[in-house]
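File shown: upload-v9.csv (CSV, C-alpha atoms (C1' of nucleotides) and all ligand atoms).
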chain,number,residue,atom,x,y,z
A,1,MET,CA,23.7,10.4,-9.3
A,2,VAL,CA,24.6,10.1,-5.7
A,3,ASP,CA,28.1,10.4,-4.2
A,4,HIS,CA,28.6,6.9,-2.6
A,5,GLN,CA,31.2,8.0,-0.2
A,6,TYR,CA,29.1,10.8,1.1
A,7,ALA,CA,26.1,8.5,1.4
A,8,PHE,CA,28.2,6.1,3.5
A,9,LYS,CA,29.3,9.0,5.7
A,10,GLN,CA,25.7,10.1,6.1
A,11,PHE,CA,24.6,6.6,7.0
A,12,THR,CA,27.4,5.9,9.5
A,13,ASP,CA,26.8,9.3,11.1
A,14,TYR,CA,23.2,8.5,11.4
A,15,LEU,CA,23.9,5.1,12.9
A,16,ARG,CA,26.3,6.6,15.5
A,17,SER,CA,23.9,9.4,16.3
A,18,GLU,CA,21.2,6.8,17.1
A,19,GLY,CA,23.5,4.6,19.1
A,20,LYS,CA,23.2,1.9,16.4
A,21,SER,CA,26.1,-0.4,15.4
A,22,ILE,CA,27.9,-0.2,12.1
A,23,THR,CA,27.7,-3.7,10.8
A,24,PRO,CA,28.8,-5.4,7.5
A,25,GLU,CA,25.2,-6.3,6.8
A,26,ARG,CA,24.1,-2.7,7.0
A,27,LEU,CA,27.0,-1.5,4.8
A,28,ASP,CA,26.4,-4.3,2.3
A,29,ILE,CA,22.8,-3.4,1.9
A,30,LEU,CA,23.5,0.3,1.5
A,31,ASP,CA,26.2,-0.5,-1.1
A,32,LEU,CA,23.8,-2.7,-3.0
A,33,VAL,CA,21.1,0.0,-2.9
A,34,LEU,CA,23.5,2.7,-4.0
A,35,HIS,CA,24.3,0.6,-7.1
A,36,GLU,CA,20.7,0.3,-8.1
A,37,LYS,CA,19.8,2.4,-11.1
A,38,GLY,CA,16.6,4.3,-10.7
A,39,HIS,CA,13.8,2.5,-8.9
A,40,PHE,CA,13.9,-0.9,-7.3
A,41,ARG,CA,11.8,-3.3,-5.2
A,42,ILE,CA,12.6,-5.1,-2.0
A,43,GLU,CA,12.5,-8.4,-3.8
A,44,ASP,CA,15.3,-7.1,-6.0
A,45,VAL,CA,17.5,-6.5,-3.0
A,46,ILE,CA,16.6,-9.9,-1.6
A,47,ARG,CA,17.5,-11.6,-4.9
A,48,LYS,CA,20.7,-9.8,-5.5
A,49,ASN,CA,22.1,-10.6,-2.0
A,50,ASP,CA,22.8,-14.1,-0.8
A,51,ARG,CA,24.6,-13.2,2.4
A,52,VAL,CA,22.1,-11.1,4.4
A,53,SER,CA,18.9,-12.6,5.7
A,54,ARG,CA,15.5,-11.5,4.6
A,55,ALA,CA,14.7,-10.2,8.1
A,56,THR,CA,17.8,-8.0,8.1
A,57,ILE,CA,17.1,-6.7,4.7
A,58,TYR,CA,13.7,-5.5,5.8
A,59,ARG,CA,15.1,-4.0,9.0
A,60,THR,CA,18.0,-2.4,7.1
A,61,LEU,CA,16.0,-0.9,4.3
A,62,LYS,CA,13.9,0.8,7.1
A,63,THR,CA,17.0,2.0,8.8
A,64,ILE,CA,18.4,3.4,5.5
A,65,GLU,CA,15.0,5.1,5.0
A,66,ASP,CA,15.0,6.5,8.5
A,67,ALA,CA,18.5,7.9,7.7
A,68,GLY,CA,16.9,9.7,4.8
A,69,LEU,CA,18.9,8.0,2.1
A,70,ILE,CA,16.1,6.1,0.4
A,71,LYS,CA,12.3,6.6,0.1
A,72,TYR,CA,9.5,4.8,-1.7
A,73,ILE,CA,6.5,5.5,-3.9
A,74,ARG,CA,3.6,3.3,-4.9
A,75,THR,CA,2.9,2.2,-8.4
A,76,ILE,CA,-0.6,2.1,-9.9
A,77,HIS,CA,-0.7,-1.6,-8.8
A,78,ASP,CA,0.2,-0.5,-5.2
A,79,GLU,CA,3.7,-2.0,-5.3
A,80,LYS,CA,6.3,-0.4,-3.1
A,81,ILE,CA,9.1,1.0,-5.3
A,82,PHE,CA,12.2,2.4,-3.6
A,83,GLU,CA,14.7,4.9,-4.9
A,84,VAL,CA,17.8,6.6,-3.6
A,85,VAL,CA,17.0,10.1,-2.4
A,86,LYS,CA,18.5,12.8,-4.6
A,87,GLU,CA,17.2,16.2,-5.1
A,88,HIS,CA,13.5,16.5,-4.5
A,89,HIS,CA,11.4,15.5,-7.5
A,90,ASP,CA,7.9,14.3,-8.4
A,91,HIS,CA,6.8,11.5,-10.7
A,92,MET,CA,4.8,10.8,-13.8
A,93,ILE,CA,3.8,7.1,-14.1
A,94,CYS,CA,2.8,5.5,-17.3
A,95,GLU,CA,-0.4,3.5,-16.9
A,96,VAL,CA,0.5,1.4,-20.0
A,97,CYS,CA,4.2,0.4,-19.6
A,98,GLY,CA,4.8,1.4,-16.0
A,99,LYS,CA,7.6,3.7,-16.8
A,100,ILE,CA,8.4,6.3,-14.1
A,101,ILE,CA,9.4,9.8,-15.3
A,102,GLU,CA,11.0,12.1,-12.7
A,103,PHE,CA,10.5,15.8,-12.9
A,104,HIS,CA,11.0,19.0,-10.9
A,105,ASP,CA,9.3,22.3,-11.3
A,106,PRO,CA,10.2,25.2,-9.0
A,107,ASP,CA,6.9,27.0,-9.8
A,108,LEU,CA,5.0,24.0,-8.7
A,109,GLU,CA,6.9,23.8,-5.4
A,110,SER,CA,6.4,27.4,-4.5
A,111,LEU,CA,2.8,27.3,-5.4
A,112,GLN,CA,2.4,24.4,-3.1
A,113,ASN,CA,4.0,26.3,-0.3
A,114,ASP,CA,1.8,29.3,-0.9
A,115,ILE,CA,-1.3,27.1,-0.7
A,116,CYS,CA,-0.1,25.6,2.6
A,117,ALA,CA,0.7,29.0,4.0
A,118,SER,CA,-2.8,30.3,3.1
A,119,ARG,CA,-4.3,27.5,5.2
A,120,GLY,CA,-1.9,27.7,8.1
A,121,PHE,CA,-0.5,24.2,7.3
A,122,SER,CA,3.2,23.8,7.9
A,123,PRO,CA,4.5,21.4,5.2
A,124,THR,CA,7.4,19.1,5.8
A,125,ARG,CA,7.3,17.1,2.6
A,126,HIS,CA,5.0,16.0,-0.2
A,127,THR,CA,4.5,13.4,-2.9
A,128,MET,CA,2.8,14.0,-6.2
A,129,LYS,CA,2.2,11.4,-8.8
A,130,ILE,CA,0.7,12.0,-12.2
A,131,PHE,CA,-0.7,9.0,-13.9
A,132,GLY,CA,-1.2,8.9,-17.6
A,133,ILE,CA,0.4,7.8,-20.8
A,134,CYS,CA,4.1,8.4,-21.6
A,135,PRO,CA,5.2,9.7,-25.0
A,136,ALA,CA,6.4,6.3,-26.2
A,137,CYS,CA,3.2,4.5,-25.4
A,138,GLN,CA,1.2,7.3,-27.1
A,139,LYS,CA,3.1,6.6,-30.3
A,140,HIS,CA,2.4,2.9,-30.1
A,141,ARG,CA,-1.2,3.6,-29.6
A,142,SER,CA,-1.6,6.0,-32.5
A,143,GLN,CA,0.2,3.6,-34.8
A,144,LYS,CA,-2.1,0.7,-33.9
A,145,ASN,CA,-5.2,2.9,-34.4
A,146,THR,CA,-4.1,4.3,-37.7
A,147,PRO,CA,-6.3,3.1,-40.5
A,148,GLU,CA,-4.3,1.6,-43.5
B,1,MET,CA,-21.8,15.7,-0.4
B,2,VAL,CA,-22.8,13.2,-2.9
B,3,ASP,CA,-26.3,12.6,-4.3
B,4,HIS,CA,-27.0,9.0,-3.2
B,5,GLN,CA,-29.7,8.4,-5.8
B,6,TYR,CA,-27.3,9.4,-8.6
B,7,ALA,CA,-24.5,7.3,-7.1
B,8,PHE,CA,-26.8,4.3,-7.1
B,9,LYS,CA,-27.7,4.9,-10.7
B,10,GLN,CA,-24.1,5.3,-11.6
B,11,PHE,CA,-23.3,2.0,-9.9
B,12,THR,CA,-26.2,0.0,-11.4
B,13,ASP,CA,-25.4,1.4,-14.8
B,14,TYR,CA,-21.8,0.3,-14.4
B,15,LEU,CA,-22.8,-3.1,-13.2
B,16,ARG,CA,-25.1,-3.6,-16.2
B,17,SER,CA,-22.6,-2.3,-18.6
B,18,GLU,CA,-20.1,-4.9,-17.3
B,19,GLY,CA,-22.6,-7.7,-17.3
B,20,LYS,CA,-22.5,-7.9,-13.6
B,21,SER,CA,-25.4,-8.7,-11.4
B,22,ILE,CA,-27.2,-6.2,-9.2
B,23,THR,CA,-27.2,-7.9,-5.8
B,24,PRO,CA,-28.4,-6.8,-2.3
B,25,GLU,CA,-24.8,-7.3,-1.0
B,26,ARG,CA,-23.5,-4.8,-3.6
B,27,LEU,CA,-26.2,-2.3,-2.9
B,28,ASP,CA,-25.8,-2.6,0.8
B,29,ILE,CA,-22.1,-2.0,0.7
B,30,LEU,CA,-22.6,1.0,-1.6
B,31,ASP,CA,-25.2,2.4,0.8
B,32,LEU,CA,-23.0,1.9,3.8
B,33,VAL,CA,-20.1,3.6,2.0
B,34,LEU,CA,-22.2,6.6,0.9
B,35,HIS,CA,-23.2,7.2,4.5
B,36,GLU,CA,-19.6,7.3,5.7
B,37,LYS,CA,-18.5,10.8,6.5
B,38,GLY,CA,-15.1,11.7,5.0
B,39,HIS,CA,-12.5,9.0,5.0
B,40,PHE,CA,-12.9,5.4,6.1
B,41,ARG,CA,-11.0,2.1,6.3
B,42,ILE,CA,-12.0,-1.3,5.0
B,43,GLU,CA,-12.2,-2.5,8.6
B,44,ASP,CA,-14.8,0.2,9.3
B,45,VAL,CA,-17.0,-1.3,6.5
B,46,ILE,CA,-16.4,-4.8,7.9
B,47,ARG,CA,-17.3,-3.8,11.4
B,48,LYS,CA,-20.4,-1.8,10.5
B,49,ASN,CA,-21.8,-4.6,8.5
B,50,ASP,CA,-22.9,-8.0,9.9
B,51,ARG,CA,-24.7,-9.4,6.9
B,52,VAL,CA,-22.1,-9.4,4.1
B,53,SER,CA,-19.0,-11.6,4.3
B,54,ARG,CA,-15.5,-10.2,4.4
B,55,ALA,CA,-14.7,-11.7,1.0
B,56,THR,CA,-17.6,-10.0,-0.6
B,57,ILE,CA,-16.8,-6.7,1.1
B,58,TYR,CA,-13.3,-6.8,-0.4
B,59,ARG,CA,-14.7,-7.7,-3.8
B,60,THR,CA,-17.4,-5.1,-3.7
B,61,LEU,CA,-15.2,-2.3,-2.6
B,62,LYS,CA,-13.0,-3.0,-5.6
B,63,THR,CA,-16.1,-3.1,-7.8
B,64,ILE,CA,-17.3,0.3,-6.5
B,65,GLU,CA,-13.8,1.6,-7.0
B,66,ASP,CA,-13.8,0.3,-10.6
B,67,ALA,CA,-17.1,2.1,-11.1
B,68,GLY,CA,-15.3,5.3,-10.1
B,69,LEU,CA,-17.4,6.0,-7.0
B,70,ILE,CA,-14.7,5.6,-4.4
B,71,LYS,CA,-10.9,5.8,-4.3
B,72,TYR,CA,-8.2,5.5,-1.7
B,73,ILE,CA,-5.1,7.3,-0.5
B,74,ARG,CA,-2.3,6.1,1.8
B,75,THR,CA,-1.6,7.7,5.2
B,76,ILE,CA,1.9,8.3,6.5
B,77,HIS,CA,1.7,4.9,8.0
B,78,ASP,CA,0.8,3.3,4.7
B,79,GLU,CA,-2.8,2.5,5.7
B,80,LYS,CA,-5.4,2.5,2.9
B,81,ILE,CA,-8.0,5.2,3.5
B,82,PHE,CA,-11.0,5.3,1.2
B,83,GLU,CA,-13.3,8.1,0.4
B,84,VAL,CA,-16.3,8.7,-1.8
B,85,VAL,CA,-15.3,10.4,-5.0
B,86,LYS,CA,-16.6,14.0,-5.3
B,87,GLU,CA,-14.9,16.8,-7.1
B,88,HIS,CA,-11.2,16.3,-7.6
B,89,HIS,CA,-9.1,17.5,-4.7
B,90,ASP,CA,-5.7,16.9,-3.1
B,91,HIS,CA,-4.7,16.3,0.5
B,92,MET,CA,-2.7,17.7,3.4
B,93,ILE,CA,-2.1,15.1,6.0
B,94,CYS,CA,-1.0,16.0,9.6
B,95,GLU,CA,1.9,14.0,10.8
B,96,VAL,CA,1.0,14.6,14.4
B,97,CYS,CA,-2.8,13.9,14.6
B,98,GLY,CA,-3.4,12.2,11.2
B,99,LYS,CA,-6.0,14.7,10.2
B,100,ILE,CA,-6.7,14.9,6.5
B,101,ILE,CA,-7.4,18.3,5.0
B,102,GLU,CA,-8.8,18.5,1.5
B,103,PHE,CA,-8.0,21.3,-0.8
B,104,HIS,CA,-8.4,22.3,-4.5
B,105,ASP,CA,-6.4,24.9,-6.3
B,106,PRO,CA,-7.1,25.6,-10.0
B,107,ASP,CA,-3.7,27.2,-10.6
B,108,LEU,CA,-2.0,24.1,-9.3
B,109,GLU,CA,-4.1,21.9,-11.6
B,110,SER,CA,-3.4,24.0,-14.7
B,111,LEU,CA,0.3,24.2,-13.8
B,112,GLN,CA,0.4,20.4,-13.6
B,113,ASN,CA,-1.2,20.1,-17.0
B,114,ASP,CA,1.3,22.6,-18.5
B,115,ILE,CA,4.2,20.5,-17.0
B,116,CYS,CA,2.8,17.4,-18.6
B,117,ALA,CA,2.2,19.0,-21.9
B,118,SER,CA,5.8,20.3,-22.0
B,119,ARG,CA,7.0,16.7,-21.6
B,120,GLY,CA,4.6,15.0,-24.0
B,121,PHE,CA,3.0,13.1,-21.2
B,122,SER,CA,-0.8,12.7,-21.4
B,123,PRO,CA,-2.2,12.8,-17.9
B,124,THR,CA,-5.3,11.0,-16.8
B,125,ARG,CA,-5.3,11.6,-13.1
B,126,HIS,CA,-2.9,12.5,-10.2
B,127,THR,CA,-2.6,12.3,-6.5
B,128,MET,CA,-0.8,14.8,-4.4
B,129,LYS,CA,-0.3,14.6,-0.7
B,130,ILE,CA,1.4,17.2,1.4
B,131,PHE,CA,2.6,16.0,4.8
B,132,GLY,CA,3.2,18.4,7.6
B,133,ILE,CA,1.6,19.9,10.7
B,134,CYS,CA,-2.0,21.1,10.8
B,135,PRO,CA,-2.9,24.5,12.4
B,136,ALA,CA,-4.4,22.8,15.6
B,137,CYS,CA,-1.3,20.8,16.2
B,138,GLN,CA,1.0,23.8,15.7
B,139,LYS,CA,-0.9,25.5,18.5
B,140,HIS,CA,-0.6,22.6,20.8
B,141,ARG,CA,3.1,22.5,20.1
B,142,SER,CA,3.8,26.2,20.7
B,143,GLN,CA,1.8,26.0,24.0
B,144,LYS,CA,3.9,23.1,25.2
B,145,ASN,CA,7.1,24.8,24.2
B,146,THR,CA,6.2,28.2,25.7
B,147,PRO,CA,8.4,28.9,28.8
B,148,GLU,CA,6.3,29.9,31.9
C,1,DG,C1',-44.0,-16.7,-13.9
C,2,DC,C1',-40.7,-20.5,-14.6
C,3,DA,C1',-36.9,-23.2,-16.0
C,4,DA,C1',-32.3,-22.9,-17.7
C,5,DT,C1',-28.1,-20.5,-17.4
C,6,DA,C1',-24.7,-17.6,-15.5
C,7,DA,C1',-23.0,-14.9,-11.8
C,8,DT,C1',-22.3,-14.3,-6.9
C,9,DT,C1',-21.8,-15.4,-2.2
C,10,DG,C1',-19.8,-17.2,2.2
C,11,DA,C1',-16.9,-20.0,5.1
C,12,DG,C1',-12.9,-21.2,5.7
C,13,DA,C1',-8.4,-22.3,3.5
C,14,DA,C1',-4.5,-20.4,1.3
C,15,DT,C1',-1.2,-16.8,0.2
C,16,DC,C1',2.4,-13.7,0.9
C,17,DA,C1',4.7,-9.8,2.4
C,18,DA,C1',6.2,-8.2,6.6
C,19,DT,C1',7.3,-8.8,11.4
C,20,DC,C1',8.6,-11.3,15.4
C,21,DT,C1',11.3,-14.5,18.4
C,22,DC,C1',15.3,-15.7,20.7
C,23,DA,C1',19.6,-18.1,20.9
C,24,DA,C1',23.9,-17.4,18.7
C,25,DT,C1',27.0,-14.0,16.9
C,26,DT,C1',29.2,-9.7,16.5
C,27,DA,C1',30.1,-4.7,17.6
C,28,DT,C1',31.1,-1.4,21.1
C,29,DT,C1',32.9,0.3,25.3
C,30,DT,C1',36.1,0.4,29.0
D,1,DA,C1',40.5,-8.6,26.4
D,2,DA,C1',36.4,-9.0,29.1
D,3,DA,C1',32.0,-7.1,29.9
D,4,DT,C1',28.0,-5.1,27.9
D,5,DA,C1',24.9,-4.0,24.4
D,6,DA,C1',23.2,-4.5,19.8
D,7,DT,C1',22.4,-7.3,15.8
D,8,DT,C1',21.6,-11.2,13.1
D,9,DG,C1',19.4,-15.4,11.0
D,10,DA,C1',16.3,-19.3,10.7
D,11,DG,C1',12.1,-20.2,11.0
D,12,DA,C1',7.6,-19.2,13.2
D,13,DT,C1',4.0,-16.0,13.2
D,14,DT,C1',1.0,-12.4,11.9
D,15,DG,C1',-2.4,-10.1,9.3
D,16,DA,C1',-4.4,-8.3,5.4
D,17,DT,C1',-6.1,-9.8,1.2
D,18,DT,C1',-7.2,-13.4,-2.1
D,19,DC,C1',-8.8,-17.8,-3.4
D,20,DT,C1',-11.8,-22.1,-3.6
D,21,DC,C1',-15.9,-24.2,-4.6
D,22,DA,C1',-20.4,-25.8,-3.2
D,23,DA,C1',-24.6,-23.5,-2.2
D,24,DT,C1',-27.4,-19.6,-3.3
D,25,DT,C1',-29.2,-16.0,-6.0
D,26,DA,C1',-29.8,-13.1,-10.2
D,27,DT,C1',-30.7,-12.9,-15.1
D,28,DT,C1',-32.5,-14.3,-19.5
D,29,DG,C1',-35.6,-16.2,-22.7
D,30,DC,C1',-39.7,-18.4,-23.1
A,201,MN,MN,12.1,9.0,-8.5
A,202,MN,MN,-10.3,13.4,0.4
A,203,ZN,ZN,4.5,4.0,-21.2
A,204,ZN,ZN,-2.7,17.7,13.4

The structure in this file should be written as structure tokens.
Ligand SMILES: [Mn+2]
Ligand SMILES: [Mn+2]
Ligand SMILES: [Zn+2]
Ligand SMILES: [Zn+2]
Amino acid sequence: MVDHQYAFKQFTDYLRSEGKSITPERLDILDLVLHEKGHFRIEDVIRKNDRVSRATIYRTLKTIEDAGLIKYIRTIHDEKIFEVVKEHHDHMICEVCGKIIEFHDPDLESLQNDICASRGFSPTRHTMKIFGICPACQKHRSQKNTPE
Amino acid sequence: MVDHQYAFKQFTDYLRSEGKSITPERLDILDLVLHEKGHFRIEDVIRKNDRVSRATIYRTLKTIEDAGLIKYIRTIHDEKIFEVVKEHHDHMICEVCGKIIEFHDPDLESLQNDICASRGFSPTRHTMKIFGICPACQKHRSQKNTPE
DNA sequence: GCAATAATTGAGAATCAATCTCAATTATTT
DNA sequence: AAATAATTGAGATTGATTCTCAATTATTGC
């Protein structure tokens, strides 16, 4: 998981370095976000919070993103899905149930860097999403299709 | 590039197989799209066409996408960018000038498949985007930063 | 080819997430 | 604590995309 105290320090350091104020609204949203398990949508944050306005939630999520503490991916239906930034990883997304599986492969990462180097491209970050069918959904399917 | 005649056949076959009509509007949009070089936006299609309505353009781009003839990626600014589907490839996207560089690496592809196999995930497709700085923009930067 | 039937189209309305406005409030600085 | 600067909230606005439905066009079966 993520060390909340460290995340708060990161965030307040970022705010100070940018000349931005440290407000209860910003700290509340960060706190809420840190308590989310896995992936979440903006509407989740709006729903779970009755104190901070919609406008400030949008503004603050962008600020937290700029601080490097959250990021988002897009589902197969093009929905924005946020997550707290941990170690770098990529995603497998099930096209049947929508489940998101995180993975990390050092060989993949270094191969990507090699490919960039060979083309003179200087990479800063990447996203990779593999769409397909997760193990659980494969089981369901094979059961349904099994003749009696 | 892409064989236009073959693309039209693919599209009309798809339409027939789905019980959809073959209309001048649909063929016009496909023709326009096939003549686009590289990547294009919906607004480009709307601008370049004065015959077909906006609503039909949206509907038809989705239909052409469903037929597997175009797909889209998202830029760093989250804009939808379409392209005609050719051989599979991935993208490097310059964060300075927005340039999109296509690449394909067989080792990368097979490594991805291995990773999926090891986790019991059955992949159907993937997208990978590497953000960074393209060779041209690196030159500009080093020139600007060079002391006189 | 022609009538009957089914699908598509276009113009504008509607939707909806995201952004903007600006006066009131709150944080920061001195 | 006062002065200054930044932020917030409520609601308006935007803008891309989708929807509506009557008019038009394509398809199907003679
Ligand atoms: Mn993740
Ligand atoms: Mn491409
Ligand atoms: Zn699944
Ligand atoms: Zn560039």

*asked:* Give me the residues near DA7 of chain C as a list in words, where near means some atom within 8 Å (using all atoms listed in the file) and where sequence neighbours in that chain fewer than 5 positions away do not count.
replied: Lys20 and Ser21 of chain B; DA26 of chain D

*asked:* One decimal, in Å: what's the spacing between atom C1' of DC2 of chain C and atom C1' of DT28 of chain D?
replied: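 Result for atom C1' of DC2 of chain C versus atom C1' of DT28 of chain D: 11.4 Å, one decimal.
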
*asked:* Give me, as a ChimeraX atom specification, the set of residues whose atoms come within 8 Å of any atom of ligand MN 201 (chain A), counting all atoms listed in the file.
replied: /A:38-39,83-85,89-91,100-102

For Gly120 of chain A, please output as an mmCIF file with C-alpha atoms, keeping the file's coordinate frame all residues within 9 Å (counting all atoms listed in the file; exclusion window: fewer than 3 positions along the same chain).
data_model
loop_
_atom_site.group_PDB
_atom_site.id
_atom_site.type_symbol
_atom_site.label_atom_id
_atom_site.label_comp_id
_atom_site.auth_asym_id
_atom_site.auth_seq_id
_atom_site.Cartn_x
_atom_site.Cartn_y
_atom_site.Cartn_z
ATOM 1 C CA ILE A 115 -1.300 27.100 -0.700
ATOM 2 C CA CYS A 116 -0.100 25.600 2.600
ATOM 3 C CA ALA A 117 0.700 29.000 4.000
ATOM 4 C CA ILE B 133 1.600 19.900 10.700
ATOM 5 C CA CYS B 134 -2.000 21.100 10.800
ATOM 6 C CA PRO B 135 -2.900 24.500 12.400
#

*List all protein, DNA and RNA residues that have any atom at most 6 Å from ligand ZN 204 (chain A), counting all atoms listed in the file, and write the list as a ChimeraX atom specification.*
/B:94,96-99,133-134,136-137

Those residues with C-alpha atoms, as a compact mmCIF listing (two decimals), in the frame of the given file please?
# COMPACT_ATOMS: atom_id res chain seq x y z
CA CYS B 94 -1.00 16.00 9.60
CA VAL B 96 1.00 14.60 14.40
CA CYS B 97 -2.80 13.90 14.60
CA GLY B 98 -3.40 12.20 11.20
CA LYS B 99 -6.00 14.70 10.20
CA ILE B 133 1.60 19.90 10.70
CA CYS B 134 -2.00 21.10 10.80
CA ALA B 136 -4.40 22.80 15.60
CA CYS B 137 -1.30 20.80 16.20

*Find the spatial neighbours of DT19 of chain C, counting all atoms listed in the file, within a cut-off of 12 Å - ignore same-chain residues fewer than 2 positions away - and output them as a PyMOL selection string.*
(chain A and resi 54-56+58-59) or (chain C and resi 17+21) or (chain D and resi 12-15)

*asked:* Quick check: residues of chain B within 7 Å of chain A, all atoms listed in the file, returned as a VMD selection string.
replied: chain B and resid 108 111 120 to 135

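Of the listed residues B:Asp66, B:Asp28, B:Asp114, B:Glu87, the one whose atoms come nearest to ligand MN 202 (chain A) is B:Glu87, with distances taken using only C-alpha atoms and all ligand atoms.
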